[in-house]
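Q: Can you read through this structure? Questions will come right after.
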Amino acid sequence: MAGWSGGKEEIEMETEKAVLTGRGDEEHFERAVRLLLEGELVAFPTETVYGLGALATSEEAVRKIYKAKGRPSDNPLIAHVGTAEEVMKYAADVPNSAKVLMDAFWPGPLTLILKAAPGVFAPSVTAGLDTVGLRMPDHPVALRLLRQLGRPVAAPSANTSGKPSPTSAYHVAADLAGKISYILDGGRTGIGIESTVLDLTSEVPAILRPGAVTAGMLEPLIGPVNGSAEAAEAGVAAPRAPGMKYTHYSPEAPVFIIRPDVGEIREAVDGLHREGRRVALVAPAGFKEAGADWFFPAGKAGDPESVSADLYAALRECDTTDADLILAAAVEDHGIGRAVMNRLNKSAGGKWFGK
Ligand code: TXA
Ligand code: MG
C-alpha cells in the first residue's frame, strides 16, 4: 500500500494505491467496494485503459468524476457492469442485436448505447440523454470489483480531461493523486485505447468511437454498420458521442502526424533542427535512426495492435521532454488501425507534418 498526495495547492485527500498480486487481494477489493458504496472514486484497470469509477446510481458520487477530471459535464459516461444479465435492468429496450453482440463480444472492448431504463442512473451519467452506454470490461480486476459490488459503475478513463488516457496505475497517479480515494493497480492494460462505442438506437447501428471491435467484426453478426469517419464526426455534430468534440489525448507540445517512413522522418527532423527546433518522435521500434532528440517507441511497424498498446504511454513520455514539437507515425487505417488513427488525429488536431 502506498500513498500519494497531489500538487501542493490543492491537496484534498490522500490517494491510496493497492498493488494487486493475486494473493491476499481480498482486503483491497473489499476496501474498493466499500469506498464506492460510500460515494468515493476508485480507479481500476480494464483491458482498454484505466477507468475512474463511481457508483453510477449516485449523483453525488458521479459529480466527483467530472470534478476530479476537469471534464465538461455535457459528456456522458459509460456504465460498467459485471454481468450481461444486469443490462435487462439498466436498459429500457434491449434489441436482439444487443443480445447477439453481448454474447459475442462481452466481456470485451465494446460499449453499447441503448435506451436507458428510467430512474436507474444518476442524471450526470447520461448527461441528460435518454440513452446510456453500457460495457462489461474483460479484465479480472474490473470484473471482480463489479461483481463484488453488484451495481453499475460509471467510469471514464482515469486521466485529466484532454490528456492521453492512462494505461498504467502510474499514469493515473500522475494525473489524479490527491483527487481520488483509491487506485487498484493491476499492471499495464493490454489494448491501450478505449472501447468501441456502438450506437444501437439509430436506424443503422453507428460506430461513434472506433476501437478494437471493428465494423468488420460486427457486420457478420448484425448486418450493416456505419463505421465511417463521418459517423464518428456526426457524433460530434449531434452530438451523439459528445466526448468526441473536445481536445483529446494531447501532450503539451503540438503533435503532427507523419508517414511511417524513416527517410521521410529523418528529412523532417533535419529540417526542424536547422530551424533550431527540438523534436520528440513517437514511432514503431526501429525508427531511432530518424535522429529525433527524443524517441519513444510505440509498437512494431506494420502491426497497429502493438502500436495501440503503447501509444498513450509514448505520448505521455513526450511531456517529460523539452520538445518544441512531436512527430507521431501513422498506421494503416484499417482494423484496429482505424481506432489508432482516430486517436492520433485527435491528438494532432488533424495536423500532418508538411501539409
Ligand atoms: O474503454 C473504455 O471505454 C474506457 C474504460 C475505462 O472502460 N472508458 C471510457 O469512457 O473511455 P469515457 O467516458 O471516457 O468515454 C465515453 C464515450 C464518450 O465518447 C462519450 O461521449 C460516449 O462514450 N458516450 C457515453 N454515453 C453515451 C450516450 N448515451 N450516447 C452517446 N455517446 C455516449
Ligand atoms: Mg476519456
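Letters A, B, ... go to the chains of the C-alpha cells in the order shown; residues in each chain start at 1; ligands are counted from 1 in the same order.
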Within 7 Å of A:Ala116, counting only C-alpha atoms, which residues show up once you throw out same-chain ones fewer than 6 positions away? Write them as a PDB file with all heavy atoms, in the first residue's frame, please.
A:
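Wrote selection.pdb, looks like this:
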ATOM      1  N   TYR A  90     -31.010  -2.313 -16.628  1.00  0.00           N
ATOM      2  CA  TYR A  90     -30.490  -0.948 -16.815  1.00  0.00           C
ATOM      3  C   TYR A  90     -30.911  -0.309 -18.134  1.00  0.00           C
ATOM      4  O   TYR A  90     -30.806   0.907 -18.299  1.00  0.00           O
ATOM      5  CB  TYR A  90     -28.964  -0.939 -16.732  1.00  0.00           C
ATOM      6  CG  TYR A  90     -28.396  -1.535 -15.457  1.00  0.00           C
ATOM      7  CD1 TYR A  90     -27.128  -2.090 -15.428  1.00  0.00           C
ATOM      8  CD2 TYR A  90     -29.151  -1.535 -14.276  1.00  0.00           C
ATOM      9  CE1 TYR A  90     -26.607  -2.631 -14.258  1.00  0.00           C
ATOM     10  CE2 TYR A  90     -28.635  -2.081 -13.110  1.00  0.00           C
ATOM     11  CZ  TYR A  90     -27.367  -2.631 -13.108  1.00  0.00           C
ATOM     12  OH  TYR A  90     -26.854  -3.167 -11.958  1.00  0.00           O
ATOM     13  N   ALA A  91     -31.345  -1.155 -19.099  1.00  0.00           N
ATOM     14  CA  ALA A  91     -31.776  -0.622 -20.393  1.00  0.00           C
ATOM     15  C   ALA A  91     -33.282  -0.801 -20.523  1.00  0.00           C
ATOM     16  O   ALA A  91     -33.840  -1.797 -20.051  1.00  0.00           O
ATOM     17  CB  ALA A  91     -31.052  -1.327 -21.519  1.00  0.00           C
ATOM     18  N   ALA A  92     -33.937   0.190 -21.154  1.00  0.00           N
ATOM     19  CA  ALA A  92     -35.397   0.129 -21.307  1.00  0.00           C
ATOM     20  C   ALA A  92     -35.768  -0.810 -22.436  1.00  0.00           C
ATOM     21  O   ALA A  92     -36.827  -1.423 -22.433  1.00  0.00           O
ATOM     22  CB  ALA A  92     -35.934   1.527 -21.576  1.00  0.00           C
ATOM     23  N   ASP A 130     -31.477  10.309 -23.113  1.00  0.00           N
ATOM     24  CA  ASP A 130     -32.335   9.209 -22.648  1.00  0.00           C
ATOM     25  C   ASP A 130     -31.696   7.855 -22.970  1.00  0.00           C
ATOM     26  O   ASP A 130     -32.331   6.808 -22.877  1.00  0.00           O
ATOM     27  CB  ASP A 130     -33.752   9.324 -23.225  1.00  0.00           C
ATOM     28  CG  ASP A 130     -33.751   9.253 -24.741  1.00  0.00           C
ATOM     29  OD1 ASP A 130     -32.649   9.188 -25.342  1.00  0.00           O
ATOM     30  OD2 ASP A 130     -34.845   9.271 -25.332  1.00  0.00           O
ATOM     31  N   THR A 131     -30.422   7.899 -23.356  1.00  0.00           N
ATOM     32  CA  THR A 131     -29.688   6.671 -23.674  1.00  0.00           C
ATOM     33  C   THR A 131     -28.533   6.503 -22.685  1.00  0.00           C
ATOM     34  O   THR A 131     -28.170   7.447 -21.988  1.00  0.00           O
ATOM     35  CB  THR A 131     -29.100   6.755 -25.092  1.00  0.00           C
ATOM     36  OG1 THR A 131     -28.311   7.947 -25.177  1.00  0.00           O
ATOM     37  CG2 THR A 131     -30.200   6.796 -26.138  1.00  0.00           C
ATOM     38  N   VAL A 132     -27.990   5.284 -22.645  1.00  0.00           N
ATOM     39  CA  VAL A 132     -26.841   5.045 -21.769  1.00  0.00           C
ATOM     40  C   VAL A 132     -25.852   4.120 -22.475  1.00  0.00           C
ATOM     41  O   VAL A 132     -26.249   3.219 -23.223  1.00  0.00           O
ATOM     42  CB  VAL A 132     -27.292   4.462 -20.409  1.00  0.00           C
ATOM     43  CG1 VAL A 132     -27.941   3.081 -20.580  1.00  0.00           C
ATOM     44  CG2 VAL A 132     -26.120   4.395 -19.425  1.00  0.00           C
TER      45      VAL A 132
END
Q: Any residue with an atom at most 12 Å from ligand 2 counts, using only C-alpha atoms and all ligand atoms. Which are they? Put them as an MDAnalysis selection string.
A: chainID A and resid 48:52 65:66 69:72 75:78 155:167 192:195 209 241:250 312 343 346
Q: Tell me, as an MDAnalysis selection string, which residues lie within 12 Å of A:Ala268, counting only C-alpha atoms; anything in the same chain fewer than 2 positions away does not count.
A: chainID A and resid 256:266 270:275 277:281 290:292 325:328 352:355
Q: How would you write, as number ranges by chain, the set of residues in stretch 67-270 of chain A that DSSP gives as strand (DSSP E)?
A: A: 78-80, 91-93, 110-116, 131-135, 153-154, 182-185, 196-199, 206-209, 255-258
Q: Could you take the residues named above and write them with N, CA, C and O atoms, as a compact mmCIF listing (two decimals), in the first residue's frame?
A:
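New file part.txt:
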# COMPACT_ATOMS: atom_id res chain seq x y z
N ILE A 78 -19.64 6.09 -19.52
CA ILE A 78 -20.00 4.69 -19.75
C ILE A 78 -20.29 4.03 -18.40
O ILE A 78 -19.54 4.22 -17.44
N ALA A 79 -21.40 3.26 -18.33
CA ALA A 79 -21.70 2.49 -17.12
C ALA A 79 -21.18 1.08 -17.32
O ALA A 79 -21.50 0.41 -18.31
N HIS A 80 -20.35 0.63 -16.37
CA HIS A 80 -19.73 -0.69 -16.46
C HIS A 80 -20.52 -1.70 -15.63
O HIS A 80 -20.94 -1.38 -14.52
N ALA A 91 -31.34 -1.16 -19.10
CA ALA A 91 -31.78 -0.62 -20.39
C ALA A 91 -33.28 -0.80 -20.52
O ALA A 91 -33.84 -1.80 -20.05
N ALA A 92 -33.94 0.19 -21.15
CA ALA A 92 -35.40 0.13 -21.31
C ALA A 92 -35.77 -0.81 -22.44
O ALA A 92 -36.83 -1.42 -22.43
N ASP A 93 -34.88 -0.92 -23.40
CA ASP A 93 -35.17 -1.70 -24.60
C ASP A 93 -33.88 -2.38 -25.01
O ASP A 93 -32.88 -1.70 -25.24
N LEU A 110 -16.32 -3.37 -26.16
CA LEU A 110 -17.46 -2.88 -26.95
C LEU A 110 -18.48 -2.26 -26.01
O LEU A 110 -19.03 -2.93 -25.14
N THR A 111 -18.73 -0.96 -26.19
CA THR A 111 -19.75 -0.25 -25.42
C THR A 111 -20.99 -0.12 -26.29
O THR A 111 -20.90 0.29 -27.44
N LEU A 112 -22.14 -0.50 -25.73
CA LEU A 112 -23.40 -0.42 -26.47
C LEU A 112 -24.24 0.74 -25.95
O LEU A 112 -24.48 0.84 -24.75
N ILE A 113 -24.66 1.61 -26.87
CA ILE A 113 -25.58 2.69 -26.49
C ILE A 113 -27.00 2.17 -26.67
O ILE A 113 -27.39 1.77 -27.77
N LEU A 114 -27.74 2.16 -25.56
CA LEU A 114 -29.12 1.66 -25.56
C LEU A 114 -30.02 2.69 -24.88
O LEU A 114 -29.53 3.58 -24.19
N LYS A 115 -31.34 2.53 -25.06
CA LYS A 115 -32.27 3.37 -24.31
C LYS A 115 -32.13 3.02 -22.83
O LYS A 115 -32.17 1.85 -22.46
N ALA A 116 -31.97 4.04 -21.99
CA ALA A 116 -31.77 3.79 -20.56
C ALA A 116 -33.10 3.49 -19.87
O ALA A 116 -34.13 4.08 -20.21
N THR A 131 -30.42 7.90 -23.36
CA THR A 131 -29.69 6.67 -23.67
C THR A 131 -28.53 6.50 -22.68
O THR A 131 -28.17 7.45 -21.99
N VAL A 132 -27.99 5.28 -22.64
CA VAL A 132 -26.84 5.05 -21.77
C VAL A 132 -25.85 4.12 -22.47
O VAL A 132 -26.25 3.22 -23.22
N GLY A 133 -24.57 4.35 -22.24
CA GLY A 133 -23.53 3.47 -22.77
C GLY A 133 -23.21 2.41 -21.74
O GLY A 133 -22.90 2.72 -20.59
N LEU A 134 -23.30 1.13 -22.14
CA LEU A 134 -23.06 0.01 -21.21
C LEU A 134 -21.93 -0.86 -21.72
O LEU A 134 -21.85 -1.14 -22.92
N ARG A 135 -21.08 -1.29 -20.79
CA ARG A 135 -19.99 -2.16 -21.21
C ARG A 135 -19.57 -3.08 -20.08
O ARG A 135 -19.57 -2.69 -18.91
N VAL A 153 -21.11 0.80 -12.41
CA VAL A 153 -20.06 1.77 -12.09
C VAL A 153 -19.81 2.67 -13.30
O VAL A 153 -19.45 2.19 -14.38
N ALA A 154 -20.04 3.96 -13.11
CA ALA A 154 -19.72 4.93 -14.17
C ALA A 154 -18.21 5.10 -14.17
O ALA A 154 -17.62 5.34 -13.12
N TYR A 182 -8.75 5.99 -4.19
CA TYR A 182 -8.12 4.67 -4.24
C TYR A 182 -7.76 4.29 -5.66
O TYR A 182 -8.51 4.61 -6.60
N ILE A 183 -6.62 3.63 -5.82
CA ILE A 183 -6.24 3.08 -7.12
C ILE A 183 -5.95 1.59 -6.96
O ILE A 183 -5.12 1.20 -6.14
N LEU A 184 -6.67 0.78 -7.71
CA LEU A 184 -6.35 -0.64 -7.78
C LEU A 184 -5.33 -0.80 -8.90
O LEU A 184 -5.63 -0.54 -10.06
N ASP A 185 -4.11 -1.18 -8.54
CA ASP A 185 -3.03 -1.30 -9.52
C ASP A 185 -2.96 -2.73 -10.02
O ASP A 185 -2.51 -3.62 -9.31
N THR A 196 -14.69 0.43 -28.39
CA THR A 196 -15.58 0.84 -29.48
C THR A 196 -16.92 1.27 -28.88
O THR A 196 -17.46 0.57 -28.02
N VAL A 197 -17.43 2.43 -29.29
CA VAL A 197 -18.77 2.85 -28.85
C VAL A 197 -19.72 2.68 -30.03
O VAL A 197 -19.54 3.31 -31.09
N LEU A 198 -20.71 1.79 -29.85
CA LEU A 198 -21.66 1.47 -30.92
C LEU A 198 -23.06 1.93 -30.52
O LEU A 198 -23.60 1.49 -29.50
N ASP A 199 -23.65 2.80 -31.33
CA ASP A 199 -25.00 3.28 -31.06
C ASP A 199 -26.01 2.33 -31.67
O ASP A 199 -26.08 2.18 -32.90
N ALA A 206 -24.35 2.65 -35.52
CA ALA A 206 -23.24 3.53 -35.91
C ALA A 206 -22.12 3.48 -34.90
O ALA A 206 -22.35 3.49 -33.68
N ILE A 207 -20.90 3.40 -35.40
CA ILE A 207 -19.72 3.44 -34.52
C ILE A 207 -19.42 4.91 -34.21
O ILE A 207 -19.01 5.66 -35.09
N LEU A 208 -19.67 5.30 -32.98
CA LEU A 208 -19.44 6.69 -32.57
C LEU A 208 -18.00 6.90 -32.14
O LEU A 208 -17.51 8.03 -32.12
N ARG A 209 -17.34 5.82 -31.76
CA ARG A 209 -15.91 5.89 -31.43
C ARG A 209 -15.29 4.56 -31.83
O ARG A 209 -15.68 3.52 -31.29
N VAL A 255 1.35 18.10 -31.72
CA VAL A 255 1.61 16.82 -32.37
C VAL A 255 1.33 16.95 -33.87
O VAL A 255 0.34 17.58 -34.26
N PHE A 256 2.22 16.38 -34.69
CA PHE A 256 1.99 16.30 -36.13
C PHE A 256 2.11 14.84 -36.54
O PHE A 256 3.05 14.15 -36.14
N ILE A 257 1.17 14.39 -37.35
CA ILE A 257 1.25 13.01 -37.87
C ILE A 257 2.19 13.01 -39.06
O ILE A 257 2.28 13.99 -39.79
N ILE A 258 2.90 11.89 -39.23
CA ILE A 258 3.83 11.78 -40.36
C ILE A 258 3.81 10.35 -40.87
O ILE A 258 3.52 9.42 -40.11
Q: Compare A:Thr320, A:Val125, A:Val42, A:Glu332 by their minimum atom-to-atom distance to A:Ile180, counting only C-alpha atoms, and give me the closest one.
A: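 Residue with the minimum atom-to-atom distance to A:Ile180: A:Val42.
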Q: In Å, rounded to a single decimal, give me how far atom CA of A:Gly178 is from atom CA of A:Val33.
A: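 Answer for the atom CA of A:Val33 to atom CA of A:Gly178 separation: 19.5 Å.
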Q: Select, from A:Ala212, A:Leu20, A:Val100, A:Ala323, the residue with the minimum atom-to-atom distance to ligand 1, counting only C-alpha atoms and all ligand atoms.
A: A:Ala212
Q: Go ahead and compute the interatomic distance for atom CA of A:Leu149 and atom CA of A:Asn96, in Å to one decimal.
A: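 We find that atom CA of A:Leu149 and atom CA of A:Asn96 lie 27.5 Å from each other.
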Q: Between atom 31 (C, counted along the ligand's line) of ligand 1 and atom CA of A:Glu59, what is the distance in Å, rounded to a tenth?
A: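 Separating atom 31 (C, counted along the ligand's line) of ligand 1 from atom CA of A:Glu59 is a distance of 18.8 Å.
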Q: Quick one: DSSP alpha helix (DSSP H) residues in stretch 124-331 of chain A, as a ChimeraX atom specification?
A: /A:124-126,140-149,169-176,215-222,229-237,262-274,304-317
Q: Could you check the closest approach to ligand 1 for each of A:Gly187, A:Gly211, A:Pro304, A:Pro284 and tell me which residue wins, using only C-alpha atoms and all ligand atoms?
A: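 Among the listed residues, A:Gly211 lies closest to ligand 1.
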Q: Here is a test: counting only C-alpha atoms, which residue of A:Pro152, A:Pro107, A:Pro118, A:Gly128 is nearest to A:Ala56?
A: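 Among A:Pro152, A:Pro107, A:Pro118, A:Gly128, it is A:Pro152 that comes nearest to A:Ala56.
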